[in-house]
>>> print(open('final06.tsv').read())   # TSV, C-alpha atoms
chain	number	residue	atom	x	y	z
A	1	MET	CA	137.33	56.11	-1.69
A	2	LYS	CA	137.25	53.47	1.02
A	3	THR	CA	138.85	54.24	4.35
A	4	PHE	CA	141.40	51.92	5.89
A	5	GLU	CA	138.76	50.67	8.34
A	6	GLU	CA	136.34	49.81	5.54
A	7	LYS	CA	139.04	48.01	3.54
A	8	PHE	CA	140.25	46.20	6.63
A	9	ASN	CA	136.78	44.87	7.49
A	10	ALA	CA	136.08	43.92	3.90
A	11	TRP	CA	139.43	42.15	3.76
A	12	LEU	CA	138.71	40.34	7.01
A	13	ASP	CA	135.33	39.18	5.73
A	14	GLY	CA	136.71	38.19	2.34
A	15	LEU	CA	134.75	40.87	0.53
A	16	LEU	CA	137.62	42.51	-1.40
A	17	SER	CA	137.97	41.90	-5.11
A	18	ASP	CA	141.14	40.14	-6.30
A	19	GLU	CA	142.69	43.41	-7.32
A	20	GLU	CA	141.78	45.17	-4.08
A	21	LEU	CA	143.00	42.20	-2.08
A	22	LYS	CA	146.39	42.17	-3.76
A	23	SER	CA	146.81	45.89	-3.36
A	24	PHE	CA	145.70	45.86	0.29
A	25	GLU	CA	147.99	43.00	1.24
A	26	ASN	CA	150.92	44.62	-0.56
A	27	GLU	CA	150.31	47.86	1.32
A	28	HIS	CA	150.11	46.07	4.68
A	29	PRO	CA	152.48	43.10	4.55
A	30	SER	CA	152.18	42.23	8.25
A	31	ILE	CA	148.41	42.08	8.19
A	32	GLN	CA	148.03	38.33	7.75
A	33	GLN	CA	148.87	37.87	11.40
A	34	ASP	CA	145.95	40.15	12.28
A	35	LYS	CA	143.53	37.99	10.34
A	36	ALA	CA	144.41	34.94	12.38
A	37	GLU	CA	144.04	36.93	15.58
A	38	PHE	CA	140.68	38.37	14.60
A	39	LEU	CA	139.39	34.94	13.73
A	40	LYS	CA	140.44	33.70	17.16
A	41	LEU	CA	138.71	36.68	18.74
A	42	LYS	CA	135.57	36.07	16.68
A	43	ASN	CA	135.48	32.41	17.71
A	44	LEU	CA	136.05	33.29	21.34
A	45	LEU	CA	133.11	35.72	21.32
A	46	ARG	CA	130.82	33.35	19.44
A	47	ASP	CA	131.59	30.35	21.60
A	48	ASN	CA	130.91	32.25	24.77
A	49	LEU	CA	128.12	34.65	23.90
A	50	ARG	CA	126.09	32.72	21.36
A	51	CYS	CA	125.32	29.99	23.84
A	52	GLN	CA	123.45	32.45	26.07
A	53	LYS	CA	119.87	31.27	25.81
A	54	LEU	CA	116.74	32.79	27.21
A	55	GLY	CA	115.75	30.92	30.34
A	56	ASN	CA	112.09	29.99	30.85
A	57	PRO	CA	110.88	31.25	27.45
A	58	ASP	CA	107.21	30.46	28.07
A	59	PHE	CA	107.19	32.64	31.16
A	60	PHE	CA	108.89	35.34	29.07
A	61	ASN	CA	105.99	35.22	26.60
A	62	SER	CA	103.30	35.07	29.24
A	63	GLN	CA	104.74	38.17	30.93
A	64	ILE	CA	104.70	40.12	27.68
A	65	MET	CA	101.18	39.01	26.88
A	66	ALA	CA	100.01	39.97	30.38
A	67	GLN	CA	101.48	43.45	29.91
A	68	ILE	CA	99.82	43.75	26.51
A	69	GLU	CA	96.49	42.75	28.03
A	70	ARG	CA	96.89	45.43	30.70
A	71	GLU	CA	97.73	48.01	28.03
A	72	THR	CA	94.75	46.96	25.94
A	73	ALA	CA	92.41	47.16	28.91
A	74	ARG	CA	93.72	50.63	29.68
A	75	ALA	CA	92.91	51.70	26.14
A	76	SER	CA	89.42	50.12	26.14
A	77	PRO	CA	86.30	52.32	25.53
A	78	SER	CA	85.41	52.52	29.22
A	79	ALA	CA	88.93	53.73	29.98
A	80	ARG	CA	88.78	56.22	27.14
A	81	VAL	CA	85.87	58.00	28.90
A	82	LEU	CA	88.47	59.45	31.23
A	83	GLY	CA	90.93	60.13	28.47
A	84	LEU	CA	92.69	63.43	27.99
A	85	PRO	CA	90.19	64.97	25.53
A	86	ARG	CA	87.34	64.16	27.89
A	87	ILE	CA	89.12	65.75	30.81
A	88	ALA	CA	89.84	68.85	28.72
A	89	LEU	CA	86.18	69.13	27.69
A	90	ALA	CA	85.07	68.74	31.30
A	91	GLY	CA	87.48	71.53	32.29
A	92	ILE	CA	86.11	73.89	29.65
A	93	PHE	CA	82.54	73.09	30.72
A	94	ALA	CA	83.41	73.81	34.38
A	95	LEU	CA	84.94	77.16	33.40
A	96	CYS	CA	81.79	78.15	31.50
A	97	VAL	CA	79.61	77.25	34.49
A	98	GLY	CA	81.91	79.26	36.76
A	99	PHE	CA	81.67	82.38	34.56
A	100	ALA	CA	77.89	82.05	34.35
A	101	LEU	CA	77.61	81.87	38.14
A	102	PHE	CA	79.98	84.81	38.57
A	103	PHE	CA	78.02	87.09	36.26
A	104	SER	CA	74.63	86.08	37.62
A	105	MET	CA	75.40	86.27	41.35
A	106	ILE	CA	77.94	89.08	41.84
A	107	PRO	CA	76.29	92.56	41.91
A	108	ARG	CA	77.59	94.78	39.18
A	109	GLY	CA	77.24	98.42	38.17
A	110	ASN	CA	79.18	101.67	38.35
A	111	LEU	CA	81.44	101.24	41.32
A	112	ALA	CA	81.75	104.98	41.86
A	113	ASP	CA	78.00	105.61	41.90
A	114	PRO	CA	76.84	105.91	45.53
A	115	GLY	CA	73.51	104.62	44.49
A	116	SER	CA	74.90	101.62	42.77
A	117	GLY	CA	74.06	98.25	44.12
A	118	TYR	CA	77.72	97.41	44.39
A	119	VAL	CA	78.68	100.29	46.78
A	120	ALA	CA	75.54	99.77	48.81
A	121	GLU	CA	76.38	96.09	49.11
A	122	VAL	CA	79.94	96.87	50.24
A	123	LEU	CA	78.87	99.41	52.83
A	124	LYS	CA	76.15	97.16	54.14
A	125	THR	CA	78.65	94.35	54.55
A	126	ARG	CA	81.38	96.48	56.10
A	127	THR	CA	79.36	98.76	58.43
A	128	ALA	CA	76.74	97.24	60.62
A	129	ASP	CA	76.23	100.60	62.41
A	130	PRO	CA	73.14	102.41	60.93
A	131	LYS	CA	74.54	105.84	62.08
A	132	VAL	CA	77.41	105.57	59.64
A	133	LYS	CA	76.78	107.46	56.43
A	134	ALA	CA	78.73	107.05	53.25
A	135	THR	CA	79.10	109.55	50.43
A	136	VAL	CA	80.92	109.08	47.20
A	137	ASP	CA	82.57	111.99	45.43
A	138	ASN	CA	83.71	111.44	41.85
A	139	LYS	CA	86.70	113.52	40.79
A	140	LYS	CA	88.79	113.27	37.71
A	141	ASP	CA	90.88	110.10	38.01
A	142	MET	CA	89.81	109.49	41.58
A	143	THR	CA	86.84	108.54	43.68
A	144	ILE	CA	86.54	109.70	47.28
A	145	ILE	CA	84.38	107.70	49.65
A	146	LYS	CA	83.58	109.58	52.90
A	147	LEU	CA	82.35	107.68	55.91
A	148	GLU	CA	80.67	109.82	58.60
A	149	GLY	CA	79.51	108.76	62.00
A	150	LEU	CA	82.35	106.42	62.81
A	151	ASP	CA	83.58	106.14	66.36
A	152	LYS	CA	86.60	108.21	67.26
A	153	LEU	CA	89.90	106.36	67.20
A	154	PRO	CA	91.25	105.44	70.62
A	155	PRO	CA	94.05	107.87	71.60
A	156	ASP	CA	96.76	105.20	71.37
A	157	LYS	CA	95.82	104.44	67.70
A	158	ASP	CA	95.50	108.09	66.54
A	159	LEU	CA	98.59	108.94	64.52
A	160	ASN	CA	97.75	112.68	64.36
A	161	ARG	CA	98.39	113.13	68.02
B	162	MET	CA	103.64	18.04	23.36
B	163	ASN	CA	101.00	20.69	23.89
B	164	GLU	CA	99.84	23.14	21.27
B	165	LEU	CA	102.01	26.00	22.48
B	166	ASP	CA	105.16	23.86	22.57
B	167	GLU	CA	104.42	22.62	19.09
B	168	ARG	CA	103.90	26.14	17.84
B	169	SER	CA	107.05	27.33	19.63
B	170	SER	CA	109.24	24.63	18.14
B	171	LYS	CA	107.85	25.32	14.66
B	172	LEU	CA	108.41	29.03	14.99
B	173	GLU	CA	111.81	28.82	16.60
B	174	ALA	CA	113.17	26.19	14.27
B	175	GLY	CA	114.44	28.83	11.88
B	176	HIS	CA	114.94	26.31	9.06
B	177	SER	CA	112.58	28.05	6.70
B	178	PRO	CA	114.09	30.15	3.91
B	179	ILE	CA	114.46	33.85	4.68
B	180	ASP	CA	111.80	34.90	2.14
B	181	ALA	CA	109.25	32.54	3.63
B	182	ALA	CA	110.07	33.79	7.12
B	183	GLU	CA	109.67	37.38	5.98
B	184	SER	CA	106.32	36.69	4.34
B	185	ASP	CA	105.22	34.92	7.53
B	186	ASP	CA	106.38	37.96	9.48
B	187	ALA	CA	104.42	40.25	7.18
B	188	GLU	CA	101.25	38.23	7.73
B	189	LEU	CA	101.76	38.18	11.49
B	190	VAL	CA	102.46	41.90	11.50
B	191	ARG	CA	99.29	42.54	9.51
B	192	ARG	CA	97.30	40.57	12.09
B	193	CYS	CA	98.99	42.46	14.93
B	194	GLN	CA	98.05	45.76	13.29
B	195	ALA	CA	94.47	44.52	13.25
B	196	GLY	CA	94.73	44.05	17.03
B	197	ASP	CA	95.43	40.30	17.16
B	198	SER	CA	97.77	39.88	20.13
B	199	SER	CA	98.19	36.13	19.55
B	200	ALA	CA	99.97	36.98	16.29
B	201	PHE	CA	102.33	39.13	18.30
B	202	SER	CA	102.93	36.23	20.64
B	203	ASP	CA	104.04	34.20	17.60
B	204	LEU	CA	106.47	36.96	16.63
B	205	VAL	CA	107.86	36.99	20.17
B	206	ILE	CA	108.35	33.23	20.04
B	207	ARG	CA	110.13	33.57	16.73
B	208	TYR	CA	112.56	36.27	17.80
B	209	ARG	CA	112.88	36.05	21.58
B	210	ASN	CA	116.08	33.96	21.61
B	211	LYS	CA	117.90	36.04	19.03
B	212	VAL	CA	116.83	39.25	20.69
B	213	PHE	CA	117.79	38.00	24.14
B	214	THR	CA	121.24	36.90	22.92
B	215	MET	CA	121.82	40.30	21.37
B	216	VAL	CA	120.70	42.26	24.40
B	217	TYR	CA	122.63	39.97	26.73
B	218	GLY	CA	125.74	40.45	24.60
B	219	MET	CA	125.44	44.17	25.18
B	220	VAL	CA	124.58	44.24	28.89
B	221	GLN	CA	126.22	41.04	30.21
B	222	ASN	CA	123.55	40.56	32.81
B	223	GLU	CA	120.78	38.00	32.50
B	224	GLN	CA	118.17	39.88	34.50
B	225	ASP	CA	118.85	43.18	32.74
B	226	ALA	CA	118.74	41.43	29.38
B	227	TRP	CA	115.40	39.83	30.29
B	228	ASP	CA	113.90	43.14	31.38
B	229	LEU	CA	115.19	45.05	28.37
B	230	ALA	CA	113.97	42.39	25.95
B	231	GLN	CA	110.53	42.60	27.60
B	232	GLU	CA	110.56	46.38	27.37
B	233	GLY	CA	111.60	46.20	23.71
B	234	PHE	CA	108.86	43.76	22.77
B	235	LEU	CA	106.28	45.86	24.56
B	236	LYS	CA	107.45	48.97	22.68
B	237	ALA	CA	107.27	47.00	19.45
B	238	TRP	CA	103.65	46.05	20.20
B	239	LYS	CA	102.71	49.63	21.05
B	240	SER	CA	104.19	51.00	17.84
B	241	ILE	CA	103.45	48.15	15.46
B	242	HIS	CA	100.72	50.20	13.80
B	243	ARG	CA	103.50	52.53	12.64
B	244	PHE	CA	105.47	49.71	10.99
B	245	LYS	CA	105.07	50.24	7.25
B	246	GLY	CA	107.11	47.28	6.04
B	247	GLN	CA	109.83	49.43	4.48
B	248	SER	CA	112.40	47.26	6.23
B	249	SER	CA	112.08	43.67	7.37
B	250	PHE	CA	110.31	43.12	10.66
B	251	TYR	CA	113.41	41.81	12.40
B	252	THR	CA	115.45	44.88	11.33
B	253	TRP	CA	112.72	47.07	12.77
B	254	LEU	CA	112.55	44.97	15.95
B	255	TYR	CA	116.32	44.96	16.35
B	256	ARG	CA	116.33	48.74	16.03
B	257	ILE	CA	113.87	49.03	18.88
B	258	MET	CA	115.84	46.56	20.99
B	259	THR	CA	119.14	48.29	20.29
B	260	ASN	CA	117.73	51.70	21.16
B	261	VAL	CA	116.20	50.40	24.38
B	262	THR	CA	119.51	48.75	25.34
B	263	ILE	CA	121.73	51.69	24.40
B	264	ASP	CA	119.41	54.07	26.29
B	265	SER	CA	119.59	51.85	29.34
B	266	LEU	CA	123.40	51.69	29.19
B	267	ARG	CA	123.57	55.46	28.82
B	268	ARG	CA	121.25	55.94	31.78
B	269	LYS	CA	123.67	53.87	33.81
B	270	GLY	CA	126.43	56.23	32.72
B	271	ILE	CA	128.22	53.70	30.55
B	272	ARG	CA	130.12	55.56	27.88
B	273	GLY	CA	133.02	53.19	27.24
B	274	GLU	CA	136.63	54.16	27.29
B	275	THR	CA	138.21	56.35	24.66
B	276	GLU	CA	139.05	54.85	21.27
B	277	PHE	CA	142.72	54.50	22.10
B	278	ASP	CA	143.41	54.20	25.76
B	279	ASP	CA	147.09	54.08	26.68
B	280	ARG	CA	146.30	52.27	29.91
B	281	ILE	CA	145.06	49.21	28.08
B	282	ALA	CA	147.28	49.33	25.02
B	283	PRO	CA	150.48	47.30	25.10
B	284	ALA	CA	153.57	49.42	25.58
B	285	ASN	CA	155.45	47.98	22.62
B	286	VAL	CA	153.03	49.24	19.95
B	287	GLU	CA	154.38	52.00	17.80
B	288	PRO	CA	152.04	55.02	18.14
B	289	GLY	CA	151.48	55.36	14.38
B	290	SER	CA	150.95	51.66	13.83
B	291	ARG	CA	147.57	50.61	12.44
B	292	THR	CA	147.93	47.01	13.41
B	293	THR	CA	149.06	45.56	16.71
B	294	PRO	CA	151.76	42.93	17.03
B	295	SER	CA	150.71	39.54	18.26
B	296	ALA	CA	151.14	38.95	21.95
B	297	VAL	CA	153.57	36.54	23.45
B	298	PRO	CA	151.33	34.02	25.23
B	299	LEU	CA	151.35	34.51	28.95
B	300	PRO	CA	153.01	31.79	30.94
B	301	HIS	CA	149.93	30.44	32.62
B	302	ASN	CA	148.07	27.34	31.60
B	303	LYS	CA	144.64	26.97	30.13
B	304	ILE	CA	142.17	29.50	31.44
B	305	ASP	CA	139.02	27.96	32.85
B	306	GLN	CA	135.64	28.63	31.25
B	307	ARG	CA	134.31	30.81	34.03
B	308	GLU	CA	137.34	33.05	33.91
B	309	ILE	CA	137.08	33.31	30.12
B	310	ARG	CA	133.49	34.42	30.46
B	311	GLN	CA	134.42	36.95	33.10
B	312	ARG	CA	137.22	38.34	30.95
B	313	ILE	CA	134.90	38.69	27.95
B	314	ASP	CA	132.29	40.44	30.06
B	315	GLU	CA	134.90	42.83	31.43
B	316	ALA	CA	136.28	43.53	27.95
B	317	ILE	CA	132.85	44.22	26.46
B	318	GLY	CA	132.07	46.33	29.52
B	319	LYS	CA	134.89	48.66	28.44
B	320	LEU	CA	133.28	49.35	25.08
B	321	SER	CA	130.84	52.17	24.45
B	322	PRO	CA	127.18	51.12	23.93
B	323	GLU	CA	127.49	51.78	20.18
B	324	HIS	CA	130.66	49.67	19.89
B	325	ARG	CA	129.00	46.87	21.84
B	326	ALA	CA	126.07	46.94	19.46
B	327	VAL	CA	128.18	46.52	16.32
B	328	ILE	CA	130.35	43.78	17.84
B	329	VAL	CA	127.33	41.79	18.97
B	330	MET	CA	125.45	42.22	15.69
B	331	LYS	CA	128.43	41.35	13.51
B	332	GLU	CA	130.37	38.77	15.50
B	333	ILE	CA	127.55	37.02	17.32
B	334	GLN	CA	124.44	37.61	15.26
B	335	ASP	CA	126.21	37.49	11.89
B	336	LEU	CA	124.26	40.41	10.46
B	337	GLN	CA	125.37	42.09	7.25
B	338	TYR	CA	126.96	45.54	7.37
B	339	GLY	CA	123.96	47.04	5.56
B	340	GLU	CA	121.55	45.55	8.07
B	341	ILE	CA	123.62	46.86	11.00
B	342	ALA	CA	123.68	50.32	9.42
B	343	GLU	CA	119.91	50.21	9.00
B	344	ILE	CA	119.33	49.04	12.55
B	345	LEU	CA	121.65	51.65	14.04
B	346	ASN	CA	120.44	54.30	11.62
B	347	CYS	CA	123.96	55.28	10.60
B	348	SER	CA	126.15	55.05	7.52
B	349	LEU	CA	128.02	51.97	6.38
B	350	GLY	CA	131.30	53.81	6.98
B	351	THR	CA	130.31	54.48	10.59
B	352	VAL	CA	129.54	50.81	11.11
B	353	MET	CA	132.90	49.81	9.61
B	354	SER	CA	134.75	52.33	11.70
B	355	ARG	CA	133.00	51.34	14.94
B	356	LEU	CA	133.59	47.68	14.23
B	357	PHE	CA	137.25	48.25	13.48
B	358	TYR	CA	137.91	50.08	16.74
B	359	ALA	CA	135.76	47.73	18.81
B	360	ARG	CA	137.62	44.72	17.40
B	361	LYS	CA	140.96	46.41	18.04
B	362	LYS	CA	140.08	47.12	21.62
B	363	LEU	CA	138.83	43.60	22.24
B	364	GLN	CA	141.92	42.22	20.56
B	365	ILE	CA	144.10	44.10	23.02
B	366	LEU	CA	141.99	43.20	26.03
B	367	LEU	CA	141.46	39.53	25.21
B	368	ARG	CA	144.63	38.53	23.42
B	369	ASP	CA	146.03	36.57	26.35
B	370	VAL	CA	142.71	34.73	26.61
B	371	TYR	CA	142.44	33.49	23.03
B	372	GLU	CA	146.15	32.84	22.77
B	373	ASN	CA	146.01	30.55	25.79
B	374	LEU	CA	142.99	28.49	24.88
>>> encode(input="final06.tsv", output="structure tokens")
Amino acid sequence: MKTFEEKFNAWLDGLLSDEELKSFENEHPSIQQDKAEFLKLKNLLRDNLRCQKLGNPDFFNSQIMAQIERETARASPSARVLGLPRIALAGIFALCVGFALFFSMIPRGNLADPGSGYVAEVLKTRTADPKVKATVDNKKDMTIIKLEGLDKLPPDKDLNR
Amino acid sequence: MNELDERSSKLEAGHSPIDAAESDDAELVRRCQAGDSSAFSDLVIRYRNKVFTMVYGMVQNEQDAWDLAQEGFLKAWKSIHRFKGQSSFYTWLYRIMTNVTIDSLRRKGIRGETEFDDRIAPANVEPGSRTTPSAVPLPHNKIDQREIRQRIDEAIGKLSPEHRAVIVMKEIQDLQYGEIAEILNCSLGTVMSRLFYARKKLQILLRDVYENL
């Protein structure tokens, strides 16, 4: 079933069948006045808005075509070299190189083993004093590293006093 | 007359039958999809005036209408490879233009006033009445053209973007209800309803203008 709005528009545009027209006009006897008003409104809008023409149409076209050219150039093969997939591939490649360097250059081994290259490397880096001796004691769930030969703490830094 | 002018006048003439125009459009679209930007230029020439009039009708500002029409055409070019020809090219183009314009109006916070706003409705209308009584012409003389234009702009400015779209497409562009529904991607009933309320509101706002012409 058509709503009032649908019937009204169809009536206004002369799209109702004879039967529908009669019935609609009988239901709304004062509606004829509306038709005249809507036609005046329609003419008012057409007369004032239809005359609005595009100024300088050739410039309008040339601007669009210039933008299209820019877009096309951006999408050209040389530009696609730096496209998103390429950047992603370069990122993955850089990550692989990074991992390879990490595993080849960082000393590895059992960290708790006093003889391991890793502990030796740490102690060598941290203690320049050859008198300092380090021992590593593995316990269950813990590793104790003892450093002997260190200088005594200055009295003002010693918390046990 | 240079070649471009000649081509423009041929394309803009609009005297060709609709079927011929649509088959021309289809050929131009096919060339655009193959990357021929000069074919797109022909489509712009063919539709730029109609599109500009429609967008202008919705935004009431020449510069904004120019910019939005440009933006719409550029979007059309970028997505022309997705155009499958299920609707006519101009319906598809109008949809892009309408969306661009409505989005722009929404970004500016333009929502339109409510369907029935007591502040603009005449006081002597019965609340349940579906039609409004005709106005008694106001006692001033003929309104000058500039004032008429200003009043129309103000009245359209009080409509929501969706109501503006249907008024412009129906009253100015003379599109069929089915075409408007397709462009706005809504039902025929929605188009009818929007048009009814938009016309009502404009009738109230502009009655003294058209009664005094």
>>> axis_aligned_box(input="final06.tsv", around="range 32-35 of chain A", padding_each_side="3 Å", output="JSON")
{"center_x": 146.2, "center_y": 39.0, "center_z": 10.0, "size_x": 11.3, "size_y": 8.3, "size_z": 10.5}
>>> interface_residues(input="final06.tsv", of="chain A", to="chain B", cutoff="6 Å", atoms="all atoms listed in the file", output="list in words")
Glu5, Glu6, Lys42, Arg46, Gln52 and Leu54 of chain A
>>> closest_residue(input="final06.tsv", among="A:Asp18, A:Asn26, A:Ile31, A:Phe38", to="Lys362 in chain B", atoms="all atoms listed in the file")
A:Phe38
>>> residues_around(input="final06.tsv", residues="Phe8 in chain A", least_positions_apart="3", cutoff="10 Å", atoms="only C-alpha atoms", output="PDB file with C-alpha atoms, keeping the file's coordinate frame")
ATOM      1  CA  LYS A   2     137.250  53.470   1.020  1.00  0.00           C
ATOM      2  CA  THR A   3     138.850  54.240   4.350  1.00  0.00           C
ATOM      3  CA  PHE A   4     141.400  51.920   5.890  1.00  0.00           C
ATOM      4  CA  GLU A   5     138.760  50.670   8.340  1.00  0.00           C
ATOM      5  CA  TRP A  11     139.430  42.150   3.760  1.00  0.00           C
ATOM      6  CA  LEU A  12     138.710  40.340   7.010  1.00  0.00           C
ATOM      7  CA  ASP A  13     135.330  39.180   5.730  1.00  0.00           C
ATOM      8  CA  GLY A  14     136.710  38.190   2.340  1.00  0.00           C
ATOM      9  CA  LEU A  15     134.750  40.870   0.530  1.00  0.00           C
ATOM     10  CA  LEU A  16     137.620  42.510  -1.400  1.00  0.00           C
ATOM     11  CA  LEU A  21     143.000  42.200  -2.080  1.00  0.00           C
ATOM     12  CA  PHE A  24     145.700  45.860   0.290  1.00  0.00           C
ATOM     13  CA  GLU A  25     147.990  43.000   1.240  1.00  0.00           C
ATOM     14  CA  ILE A  31     148.410  42.080   8.190  1.00  0.00           C
ATOM     15  CA  LYS A  35     143.530  37.990  10.340  1.00  0.00           C
TER      16      LYS A  35
ATOM     17  CA  MET B 353     132.900  49.810   9.610  1.00  0.00           C
ATOM     18  CA  SER B 354     134.750  52.330  11.700  1.00  0.00           C
ATOM     19  CA  PHE B 357     137.250  48.250  13.480  1.00  0.00           C
TER      20      PHE B 357
END
>>> atom_distance(input="final06.tsv", atom1="CA of Ala195 in chain B", atom2="CA of Gly246 in chain B")
14.8 Å
>>> residues_around(input="final06.tsv", residues="Leu254 in chain B", least_positions_apart="5", cutoff="9 Å", atoms="only C-alpha atoms", output="list in words")
Tyr208, Val212, Gly233, Phe234, Ala237, Ser249, Thr259 and Ile344 of chain B
>>> write_last_selection(input="final06.tsv", atoms="C-alpha atoms", output="PDB file, keeping the file's coordinate frame")
ATOM      1  CA  TYR B 208     112.560  36.270  17.800  1.00  0.00           C
ATOM      2  CA  VAL B 212     116.830  39.250  20.690  1.00  0.00           C
ATOM      3  CA  GLY B 233     111.600  46.200  23.710  1.00  0.00           C
ATOM      4  CA  PHE B 234     108.860  43.760  22.770  1.00  0.00           C
ATOM      5  CA  ALA B 237     107.270  47.000  19.450  1.00  0.00           C
ATOM      6  CA  SER B 249     112.080  43.670   7.370  1.00  0.00           C
ATOM      7  CA  THR B 259     119.140  48.290  20.290  1.00  0.00           C
ATOM      8  CA  ILE B 344     119.330  49.040  12.550  1.00  0.00           C
TER       9      ILE B 344
END
>>> residues_near_point(input="final06.tsv", point="(104.9, 42.4, 14.3)", cutoff="7 Å", atoms="only C-alpha atoms", output="ChimeraX atom specification")
/B:186,189-190,193,201,204,241,250
>>> atom_distance(input="final06.tsv", atom1="CA of Lys53 in chain A", atom2="CA of Gln194 in chain B")
29.0 Å
>>> residues_around(input="final06.tsv", residues="Gly149 in chain A", least_positions_apart="4", cutoff="9 Å", atoms="all atoms listed in the file", output="list in words")
Asp129, Lys131, Val132, Lys133 and Ala134 of chain A
>>> atom_distance(input="final06.tsv", atom1="CA of Glu323 in chain B", atom2="CA of Ile263 in chain B")
7.1 Å
